[in-house]
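A.B. asks: Can you keep this structure in mind? I'll have questions shortly.
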Amino acid sequence: MDTDLQGLAGLVHTPLFGILLTLASYQFALWVYGKSNSLPLFHPFLVASIPVIVVLPMVGVDYEEYREQTSLIAFLLGPATVALAWPLYRQLHTVRSVLTPIVIATLIGAFIAAGISVGLAWWLGAPEDVIASLAPKSITTPIAVEVVKSTGGSESLVAGAVAITGIVGALAAGPIYRLLKVKDDRIRGFALGLVAHAIGTARAFEYGEKAGAFSGLALGLCGLVTALALPWIWPWIAGLLS
């Protein structure tokens with residue numbers, strides 16, 4: 001019996017545990033989301049994080065170890081993001097017709113998304129490393145983690161900020177669209193991808209393929225603009241904050 005318990009305890013500290021916990025949590029979250037009739041409050045990303053948050057402290061696994069255990073899943077985020085090119089390709093004719101507004105919206109949106117987080121964090125007295133971690137909150141996690149390496153932020157903090165941003169964006173999108181009477185799938189999708197990255201894109205696909213395609217486009221463009229511009233201008237921003 002002691003040997004079996006030791007074996008189970010050892011399994012907790014292997015990649016198999018992290019992957020199984022993640023997949024089981026997500027399947028549970030999908031079930032809850034379906035039972036709730038796709039209520040945004042029960043979005044799979046939000047619900048799936050709850051079992052993980054509860055279980056990890058119980059079994060003595062910290063976030064860094066869990067992140068290492070699930071590195072394979074994190075790696076697959078890259079191919080999954082690239083796969084968004086297919087629905088975008090199917091909507092290419094529509095994208096070409098609004099190319100100029102897309103470019104303008106991306107540049108303005110990326111600047112505002114980073115500027116608001118930096119400004120609020122500075123106004124509330126956050127230290128520079130925290131501000132640097134919050135600046136890329138509106139781009140997908142793999143890109144955001146690389147960006148904070150150039151700005152001196154925390155990888156763990158930016159991962160949490162990205163997750164919270166995506167969840168809030170997915171939750172708030174529906175009520176805001178109804179309030180503003182936004183019915184164009186191009187606008188709904190692009191706004192979600194621009195502000196709420198991959199989580200917003202998953203939500204956008206619930207509106208339809210066109211919304212999902214435009215969300216994927218916004219996700220990629222906002223990530224590209226932020227990754228290129230933020231490390232370059234950060235020394236100047238840091239000088240203003242100090």
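Residues in the structure tokens are named by chain (A, B, ... in the order shown) and by number from 1 within that chain; ligands are numbered from 1 in the order shown.
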For range 99-104 of chain A, work out the shell of residues within 10 Å, counting only C-alpha atoms and skipping chain neighbours fewer than 2 positions away, then give it as a PyMOL selection string.

C.D. replies: chain A and resi 94-97+106-109+187+190+214+217-218+221-222

A.B. asks: Which residues in range 18-196 of chain A does DSSP call helix (DSSP H, G or I)? List them as a count of residues only.

C.D. replies: 150

A.B. asks: Which range 95-192 of chain A residues have any atom within 12 Å of an atom of range 30-38 of chain A, and for each, what is the nearest pair of atoms with distance in Å to one decimal, counting only C-alpha atoms, rows sorted by chain and number, as a tab-separated table?

C.D. replies:
```
residue	atom	partner	partner_atom	distance
A:Ala170	CA	A:Ser38	CA	11.7
A:Leu171	CA	A:Ser38	CA	11.1
A:Gly174	CA	A:Ser38	CA	11.6
```

A.B. asks: Excluding Leu192 in chain A and residues on its chain fewer than 2 positions from it, collect all residues at most 8 Å away from it, counting only C-alpha atoms, and give them as a ChimeraX atom specification.

C.D. replies: /A:169-170,173,188-190,194-197,200-201,203-204,215

A.B. asks: Compare A:Ile73, A:Arg90, A:Gly223, A:Gly115 by their minimum atom-to-atom distance to Ile139 in chain A, counting only C-alpha atoms, and give me the closest one.

C.D. replies: A:Gly223

A.B. asks: Find the residue from A:Ala172, A:Phe45, A:Glu65, A:Leu39 that sits nearest to Tyr26 in chain A; use only C-alpha atoms when measuring.

C.D. replies: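 Looking at the shortest contact to Tyr26 in chain A, the residue is A:Phe45.
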
A.B. asks: So the first atom is CA of Ile53 in chain A and the second is CA of Ile164 in chain A; what is the distance between them in Å, to one decimal place?

C.D. replies: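 Result for CA of Ile53 in chain A versus CA of Ile164 in chain A: 14.1 Å, one decimal.
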
A.B. asks: Tell me which protein, DNA and RNA residues are within 9 Å of Leu84 in chain A, counting only C-alpha atoms, leaving out same-chain ones fewer than 3 positions away, and put them as an MDAnalysis selection string.

C.D. replies: chainID A and resid 79:81 87:89 212:213 216:217

A.B. asks: Write out as number ranges by chain each polymer residue whose atoms come within 7 Å of Ala198 in chain A, counting only C-alpha atoms; drop sequence neighbours fewer than 4 positions from it.

C.D. replies: A: 140, 193, 202, 219

A.B. asks: Give me a file of those residues, with C-alpha atoms, as a compact mmCIF listing (two decimals), in the first residue's frame.

C.D. replies:
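Output below, filename again.txt:
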```
# COMPACT_ATOMS: atom_id res chain seq x y z
CA THR A 140 -1.96 35.90 -26.82
CA GLY A 193 -9.59 39.28 -31.26
CA ALA A 202 -12.99 31.18 -29.32
CA LEU A 219 -5.29 38.42 -32.78
```

A.B. asks: Quick one: residues within 12 Å of Gly60 in chain A, only C-alpha atoms, excluding same-chain residues fewer than 4 positions away - as a PyMOL selection string?

C.D. replies: chain A and resi 9-13+53-56+64-66

A.B. asks: Quick one: everything within 6 Å of range 145-154 of chain A, counting only C-alpha atoms, minus sequence neighbours fewer than 3 positions away in the same chain. Send it as a ChimeraX atom specification.

C.D. replies: /A:129,132-133,141-142,157,227,231

A.B. asks: Quick one, how far is CA of Ile50 in chain A from CA of Ser25 in chain A?

C.D. replies: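 Here the two named atoms are 8.0 Å from each other.
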
A.B. asks: May I ask which of the residues A:Val52, A:Val61, A:Ala191, A:Leu124 is the closest one to Thr14 in chain A, counting only C-alpha atoms?

C.D. replies: A:Val61

A.B. asks: Here is a test: counting only C-alpha atoms, which residue of A:Asp184, A:Pro51, A:Phe111, A:Gly220 is nearest to Ile233 in chain A?

C.D. replies: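 Checking each of A:Asp184, A:Pro51, A:Phe111, A:Gly220 against Ile233 in chain A, counting only C-alpha atoms, the winner is A:Phe111.
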
A.B. asks: Restricting the calculation to only C-alpha atoms, which member of A:Ala105, A:Leu21, A:Ala110, A:Leu240 is positioned closest to Thr226 in chain A?

C.D. replies: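 Comparing A:Ala105, A:Leu21, A:Ala110, A:Leu240 against Thr226 in chain A, the winner is A:Ala110.
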
A.B. asks: When distances are computed from only C-alpha atoms, which of A:Arg178, A:Arg67, A:Arg186, A:His93 shows the smallest separation from Gly18 in chain A?

C.D. replies: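 Residue with the minimum atom-to-atom distance to Gly18 in chain A: A:Arg67.
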